[in-house]
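Taking it in order: structure first as structure tokens, then the write-up.
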Amino acid sequence: MGFHYTLGGERYGFDDLKALMAAASPLRSGDELAGLAASSDAQRIAARHALAEVPLDLFVRTELIPYEADDVTRLIVDTHDSAAFAPFASMTVGDLRNWLLSHEADTAALAAAAPGFTPEMAAAVSKIMRNQDLMSAAQKMRVITRFRNTIGLEGCLTSRLQPNHPTDDLKGIAASTLDGLLYGMGDAVIGINPATDSVANGLALLDMLDHARRRYEIPTQTCVLTHVTNTLEIMNRGGAVDLVFQSIAGTQKANEGFGVTLAILKEAHEAALSLRRGTVGDNVMYFETGQGAALSAEAHHGLDQQTVETRAYAVARAFRPLLVNTVVGFIGPEYLYDGKQIIRAGLEDHFCAKLLGVPMGCDVCYTNHAEADQDDMDTLMVLLGTAGITFLIGVPGADDIMLNYQSLSFHDILTLRSMLNLRPAPEFAAWLERMGLYDAQLGGMRELAPHQTRLGQLIG
Amino acid sequence: MTDKAHIPTSSPSGAPDVWQDLRRLTRARIGLGRSGNAQRTTDVLTFQAAHAQARDAVHTPLDVQALVAQMGGENCLCVKSRAVDRPTYLRRPDLGRRLDPACLPLLQRDAWDVVFVAADGLSAIATQKGAIPLFRAMQARLKDWRIAPLIIASQGRVALGDEIAVALGARMVVMMIGERPGLSVAESLGVYLTYAPYVGCPDSARNCLSNIHQHGLPTSVAADKLAWLMREASHLKLTGVGLKDAAPDSAPPADPSSALEKDPRI
């Protein structure tokens, strides 16, 4: 089965749907590394023309990775909601783009359609959407999740406070946590990437975070982003696990590279649900994803990196997560070379996840070997804020001293909330006001030193 | 970068900086001032200077001769990956994971228990400063092990060690490699332990110790942890996700490493 399109008198052919989607993808270094990128700009645009004409139904009938060989494919096929898909069954990819941008596709219509879309459909339509299309369509999509507060409401932007420390020093982590809370960060989660991924260390970190949360009655959730098997053991030992974290990818083999299976995720999901720690809801999973993960594990099955990334969202949505975020600039220049590629990928990941009903946030970030800087992060954060991103990650001064990369600073997120008139999660906003940290009259966070607040005793 | 450059601006009022004590607890950029919601000018420019230094660290080449000299005449071997230069290395990790075929004849097969590899990774400065002290510390802790000559590798990524170990016939490989420079630290060493490595070995089969540098994990502590991991790996005949927990406090086990799990990937 092949595809072709004639552009400027030249006929461009594409062997199969995989090759067509790869060629239609905006240029990025990871697809070049994999040998999947279009060979010329003209070929890329020809591929987009051909892709726009592909009937959506073909994605239901075509397994890009065989059903027998891959449990993510089985998950996608077995959970596809054909009733939700029915209104789109006779549309092409191009028609879907037009529908998504139409006034008819409002918040309710998009929510009803989400279970009918497969990751590959989302990927395909994103490839023929410009950045503004990815933003304006995503902006209409609401994915609301709850644990101790409500995440994803219109007009809200939540944040993950990421107080990492290179030796997991509890006081050092507490100092960064305090700093973030004074900026109104942490309503999505206060989440630590541990330097040492052990059960004992995870227990100690969770105990510290949970103690601080209870002491100040902070309506949020805490998390140590350790491997899911560690979190299972921590739960067995009675640790204070709010959320189960795991990095996931879009193929069975790539997930195996992370040391994880769907069965382990299910076991951890059930274990966390049984703890009943949520007060306003029971979304207990937190996933990270990112373009390039499958290729770096040599588990991409010939799919372009953006398409295979969207399949991770099918894994995520099967477990009703509280939070998912793409670590878009983290993986490095061999997958996303520069600011332009990082920005595009961030918008794609957000759009595709939301289209599938996944509560997508973003680690707006880059590494020091990529051709990007803080100006690119400013651009991406404003674009994602405008597009309705669920949450952003903030670290002190934008400098993560454990993971050695740059994300957003607390200042950046505060600036964004102010510029776009976005509020924290309502329960958290009320807490900030109760604690005297938020000035309702001024409409902003007060500039307070630690000892001027009750939080100053956080570091004892 | 210097500690001085890391100190944020004090409050504009000239009041004593109450964050001073807290900054002893972490090198994170906490307690920065604000102008409105924004960072203050000095902090913005200090950050940009640190970023510029980190970018320069990525592009500094490994001084192989200086490393050989540090070994003080003890036998060591110098090899290269298939990535011919830095731009190729950055865009083509696949080439950085494979040995330049011209180097294969240097590697003589024997019944080694372990081979240590010192590779530049993304910060040659880290390797330059930290690899040989760690190697010496391991020699002292592994007196009964048959340790292959130290391998010094240019334009190397973690998986390059797999092919080296296979060529040497070593049961396990310890890759000591420069981690991606951060703004605060441009000389952080990472260590990846892999039992029975082979070309194409998944990252989940490795254990990683990271942040080995002056302000992070000290060499002696890293060496204790690594020695524990190596003995357990030898006993269990595996590394990775299966090797963790049950470690004594003095030597807790390390992360099973994985490409996207926000470890300083190289």
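The chains in the structure tokens are called A, B, ... from first to last as shown; in each chain the residues are counted from 1, and the ligands are counted from 1 in the order shown.
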
Env of Thr150 (chain A): 10 Å cut, atoms = only C-alpha atoms, seq-sep filter 3 positions within chain, self excluded. Answer as a PyMOL selection string.
chain A and resi 144-147+153+156+158+187-188+219-220+280-281+322+424-428

Generate the output file for the selected residues, N, CA, C and O atoms, as an mmCIF file, in the first residue's frame.
data_model
loop_
_atom_site.group_PDB
_atom_site.id
_atom_site.type_symbol
_atom_site.label_atom_id
_atom_site.label_comp_id
_atom_site.auth_asym_id
_atom_site.auth_seq_id
_atom_site.Cartn_x
_atom_site.Cartn_y
_atom_site.Cartn_z
ATOM 1 N N ILE A 144 -9.698 17.717 33.263
ATOM 2 C CA ILE A 144 -9.696 18.084 34.683
ATOM 3 C C ILE A 144 -9.429 16.845 35.536
ATOM 4 O O ILE A 144 -10.057 15.798 35.342
ATOM 5 N N THR A 145 -8.445 16.982 36.434
ATOM 6 C CA THR A 145 -8.081 15.870 37.308
ATOM 7 C C THR A 145 -8.018 16.369 38.749
ATOM 8 O O THR A 145 -7.892 17.572 38.993
ATOM 9 N N ARG A 146 -8.117 15.417 39.680
ATOM 10 C CA ARG A 146 -8.189 15.800 41.094
ATOM 11 C C ARG A 146 -7.478 14.799 41.987
ATOM 12 O O ARG A 146 -7.559 13.596 41.770
ATOM 13 N N PHE A 147 -6.830 15.331 42.992
ATOM 14 C CA PHE A 147 -6.316 14.509 44.100
ATOM 15 C C PHE A 147 -6.578 15.266 45.405
ATOM 16 O O PHE A 147 -7.568 15.010 46.058
ATOM 17 N N LEU A 153 -8.550 23.392 35.322
ATOM 18 C CA LEU A 153 -9.702 24.282 35.119
ATOM 19 C C LEU A 153 -9.326 25.436 34.194
ATOM 20 O O LEU A 153 -8.171 25.862 34.139
ATOM 21 N N CYS A 156 -6.765 28.562 34.849
ATOM 22 C CA CYS A 156 -5.776 28.161 35.855
ATOM 23 C C CYS A 156 -4.501 27.657 35.180
ATOM 24 O O CYS A 156 -4.537 27.058 34.110
ATOM 25 N N THR A 158 -1.289 25.478 36.790
ATOM 26 C CA THR A 158 -0.649 24.923 37.976
ATOM 27 C C THR A 158 0.832 24.703 37.699
ATOM 28 O O THR A 158 1.303 24.830 36.567
ATOM 29 N N ASP A 187 1.309 23.623 43.159
ATOM 30 C CA ASP A 187 -0.079 23.136 43.219
ATOM 31 C C ASP A 187 -0.295 21.883 42.378
ATOM 32 O O ASP A 187 -1.149 21.062 42.710
ATOM 33 N N ALA A 188 0.483 21.705 41.310
ATOM 34 C CA ALA A 188 0.361 20.442 40.564
ATOM 35 C C ALA A 188 0.960 19.323 41.404
ATOM 36 O O ALA A 188 0.342 18.272 41.608
ATOM 37 N N PRO A 219 -2.918 22.217 50.329
ATOM 38 C CA PRO A 219 -3.793 21.376 49.497
ATOM 39 C C PRO A 219 -3.092 20.994 48.190
ATOM 40 O O PRO A 219 -3.405 21.518 47.112
ATOM 41 N N THR A 220 -2.107 20.129 48.321
ATOM 42 C CA THR A 220 -1.411 19.649 47.133
ATOM 43 C C THR A 220 -0.934 18.230 47.387
ATOM 44 O O THR A 220 -1.253 17.635 48.414
ATOM 45 N N VAL A 280 -10.124 15.178 47.174
ATOM 46 C CA VAL A 280 -11.176 15.641 46.253
ATOM 47 C C VAL A 280 -11.241 14.792 44.989
ATOM 48 O O VAL A 280 -12.086 15.024 44.124
ATOM 49 N N GLY A 281 -10.343 13.799 44.876
ATOM 50 C CA GLY A 281 -10.378 12.941 43.701
ATOM 51 C C GLY A 281 -9.388 11.808 43.828
ATOM 52 O O GLY A 281 -8.636 11.739 44.808
ATOM 53 N N LEU A 322 -3.186 11.928 37.232
ATOM 54 C CA LEU A 322 -3.388 13.293 37.701
ATOM 55 C C LEU A 322 -2.592 14.252 36.816
ATOM 56 O O LEU A 322 -3.074 15.326 36.461
ATOM 57 N N PRO A 424 -3.515 29.929 40.200
ATOM 58 C CA PRO A 424 -3.211 28.550 40.629
ATOM 59 C C PRO A 424 -4.512 27.757 40.771
ATOM 60 O O PRO A 424 -5.598 28.319 40.664
ATOM 61 N N ALA A 425 -4.382 26.470 41.056
ATOM 62 C CA ALA A 425 -5.566 25.646 41.345
ATOM 63 C C ALA A 425 -6.347 26.310 42.476
ATOM 64 O O ALA A 425 -5.750 26.835 43.420
ATOM 65 N N PRO A 426 -7.686 26.308 42.415
ATOM 66 C CA PRO A 426 -8.473 27.116 43.363
ATOM 67 C C PRO A 426 -8.211 26.802 44.831
ATOM 68 O O PRO A 426 -8.092 27.716 45.650
ATOM 69 N N GLU A 427 -8.087 25.508 45.180
ATOM 70 C CA GLU A 427 -7.843 25.152 46.585
ATOM 71 C C GLU A 427 -6.502 25.703 47.056
ATOM 72 O O GLU A 427 -6.351 26.151 48.190
ATOM 73 N N PHE A 428 -5.528 25.661 46.138
ATOM 74 C CA PHE A 428 -4.179 26.126 46.458
ATOM 75 C C PHE A 428 -4.155 27.647 46.540
ATOM 76 O O PHE A 428 -3.503 28.224 47.420
#

What residues in region 123-207 of chain B get the DSSP label strand (DSSP E)? Please answer as a ChimeraX atom specification.
/B:150-154,172-178,189-195,206-207

Let's have the selection written as a short mmCIF file (atom, residue, chain, number, x, y, z; two decimals), in the first residue's frame, with C-alpha atoms.
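Final output, saved to result33.cif:
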data_model
loop_
_atom_site.label_atom_id
_atom_site.label_comp_id
_atom_site.auth_asym_id
_atom_site.auth_seq_id
_atom_site.Cartn_x
_atom_site.Cartn_y
_atom_site.Cartn_z
CA LEU B 150 42.43 1.48 32.17
CA ILE B 151 40.86 2.45 28.85
CA ILE B 152 40.82 6.15 27.93
CA ALA B 153 38.14 6.84 25.31
CA SER B 154 37.53 9.95 23.23
CA MET B 172 31.66 -6.30 33.74
CA VAL B 173 32.40 -2.76 32.70
CA VAL B 174 32.57 0.46 34.69
CA MET B 175 32.13 3.50 32.49
CA MET B 176 33.39 6.71 34.10
CA ILE B 177 32.10 9.51 31.95
CA GLY B 178 31.69 13.30 32.01
CA LEU B 189 31.36 12.55 36.69
CA GLY B 190 28.87 9.74 36.17
CA VAL B 191 29.60 6.04 36.62
CA TYR B 192 27.69 3.27 34.86
CA LEU B 193 28.11 -0.35 35.91
CA THR B 194 27.04 -3.09 33.50
CA TYR B 195 27.35 -6.82 34.13
CA ARG B 206 22.96 -0.72 34.10
CA ASN B 207 23.32 0.90 37.48
#

For Asn98 (chain A), please output as an NGL selection string all residues within 10 Å (counting only C-alpha atoms; exclusion window: fewer than 5 positions along the same chain).
:A and (92-93 or 103 or 105 or 125 or 129 or 133)

Could you write out, as a ChimeraX atom specification, all the residues of region 45-143 of chain B that DSSP marks as helix (DSSP H, G or I)?
/B:45-59,64-70,86-91,93-96,101-106,124-141

Might you pull out every residue within 8 Å of Gln252 (chain A), with only C-alpha atoms counted and same-chain residues fewer than 6 positions away left off, and present them as a PyMOL selection string?
chain A and resi 70-72+261

Find the residues near Gly35 (chain A): any atom within 10 Å, counting only C-alpha atoms, skip ones fewer than 4 places away on the same chain, and give them as a PDB file with C-alpha atoms, in the first residue's frame.
ATOM      1  CA  ALA A  22       7.612  10.441   9.010  1.00  0.00           C
ATOM      2  CA  SER A  29      17.289  15.885  14.392  1.00  0.00           C
ATOM      3  CA  GLY A  30      15.886  12.664  15.869  1.00  0.00           C
ATOM      4  CA  ASP A  31      14.146  11.743  12.635  1.00  0.00           C
ATOM      5  CA  SER A  39      14.832  14.103   2.050  1.00  0.00           C
ATOM      6  CA  GLY A 302      10.501   2.685  12.198  1.00  0.00           C
ATOM      7  CA  ASP A 304       8.982   8.929  13.479  1.00  0.00           C
TER       8      ASP A 304
END

May I have the residues within 10 Å of Ala54 (chain B) as a count of residues only, using only C-alpha atoms and disregarding those fewer than 3 positions away in the same chain?
21

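One distance worth recording is that between CA of Arg91 (chain B) and CA of Pro26 (chain A), which is 17.4 Å.
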
Non-local contacts of Pro87 (chain B) (12 Å; only C-alpha atoms; under 3 positions in same chain excluded) as a PyMOL selection string
(chain A and resi 333-334+337+369-371) or (chain B and resi 58-61+83-84+90-93+95-96+122+155)

Written selection (N, CA and C atoms) as a compact mmCIF listing (two decimals), in the first residue's frame:
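Written output follows (again_12.txt):
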# COMPACT_ATOMS: atom_id res chain seq x y z
N PRO A 333 20.13 17.38 21.92
CA PRO A 333 20.11 17.88 20.55
C PRO A 333 20.09 16.80 19.48
N GLU A 334 20.38 15.55 19.85
CA GLU A 334 20.30 14.49 18.83
C GLU A 334 18.84 14.18 18.49
N TYR A 337 17.09 19.56 18.05
CA TYR A 337 18.40 20.17 17.94
C TYR A 337 18.49 21.56 18.56
N HIS A 369 24.00 21.23 25.87
CA HIS A 369 24.59 20.88 24.57
C HIS A 369 23.59 21.09 23.43
N ALA A 370 22.44 21.67 23.72
CA ALA A 370 21.47 22.01 22.67
C ALA A 370 21.64 23.47 22.27
N GLU A 371 21.21 23.79 21.07
CA GLU A 371 21.28 25.18 20.61
C GLU A 371 20.01 25.89 21.05
N VAL B 58 31.16 21.90 27.14
CA VAL B 58 30.72 20.83 26.24
C VAL B 58 31.70 20.66 25.08
N HIS B 59 32.28 21.76 24.67
CA HIS B 59 33.09 21.72 23.45
C HIS B 59 34.59 21.62 23.72
N THR B 60 35.01 21.55 24.99
CA THR B 60 36.43 21.40 25.31
C THR B 60 36.87 19.94 25.08
N PRO B 61 37.94 19.68 24.30
CA PRO B 61 38.33 18.29 24.05
C PRO B 61 39.05 17.64 25.24
N ALA B 83 32.62 8.48 16.29
CA ALA B 83 32.27 9.90 16.06
C ALA B 83 33.58 10.67 15.84
N VAL B 84 33.76 11.21 14.66
CA VAL B 84 35.07 11.76 14.30
C VAL B 84 35.35 13.11 14.95
N LEU B 90 27.73 15.09 18.92
CA LEU B 90 26.50 15.62 19.50
C LEU B 90 25.25 15.19 18.74
N ARG B 91 25.38 15.07 17.42
CA ARG B 91 24.21 14.71 16.60
C ARG B 91 24.04 13.21 16.42
N ARG B 92 25.12 12.46 16.60
CA ARG B 92 25.07 11.02 16.28
C ARG B 92 25.51 10.18 17.48
N PRO B 93 24.65 10.06 18.48
CA PRO B 93 25.02 9.23 19.64
C PRO B 93 25.32 7.79 19.25
N LEU B 95 27.11 6.76 16.86
CA LEU B 95 28.53 6.63 16.54
C LEU B 95 29.40 6.70 17.80
N GLY B 96 28.94 7.47 18.77
CA GLY B 96 29.68 7.58 20.03
C GLY B 96 29.61 6.32 20.87
N LEU B 122 30.06 14.29 27.87
CA LEU B 122 29.70 15.67 27.56
C LEU B 122 30.48 16.69 28.38
N GLN B 155 35.42 10.93 22.54
CA GLN B 155 34.11 11.03 21.88
C GLN B 155 33.24 9.82 22.23

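You will find CA of Leu67 (chain B) at 26.0 Å from CA of Leu229 (chain B).
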
Top pick for closest residue to Ile212 (chain B), considering B:Leu99, B:Met138, B:Ala148, B:Ala126 and counting only C-alpha atoms
B:Ala126

Top pick for closest residue to Arg29 (chain B), considering A:Gln441, A:Ser90, A:Ser176, A:Ser198 and counting only C-alpha atoms:
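For Arg29 (chain B), the nearest of the given residues is A:Ser176.
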
Among the residues B:Arg109, B:Arg23, B:Arg98, B:Lys129, the one that comes closest to chain A [using only C-alpha atoms]
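Closest candidate: B:Arg23.
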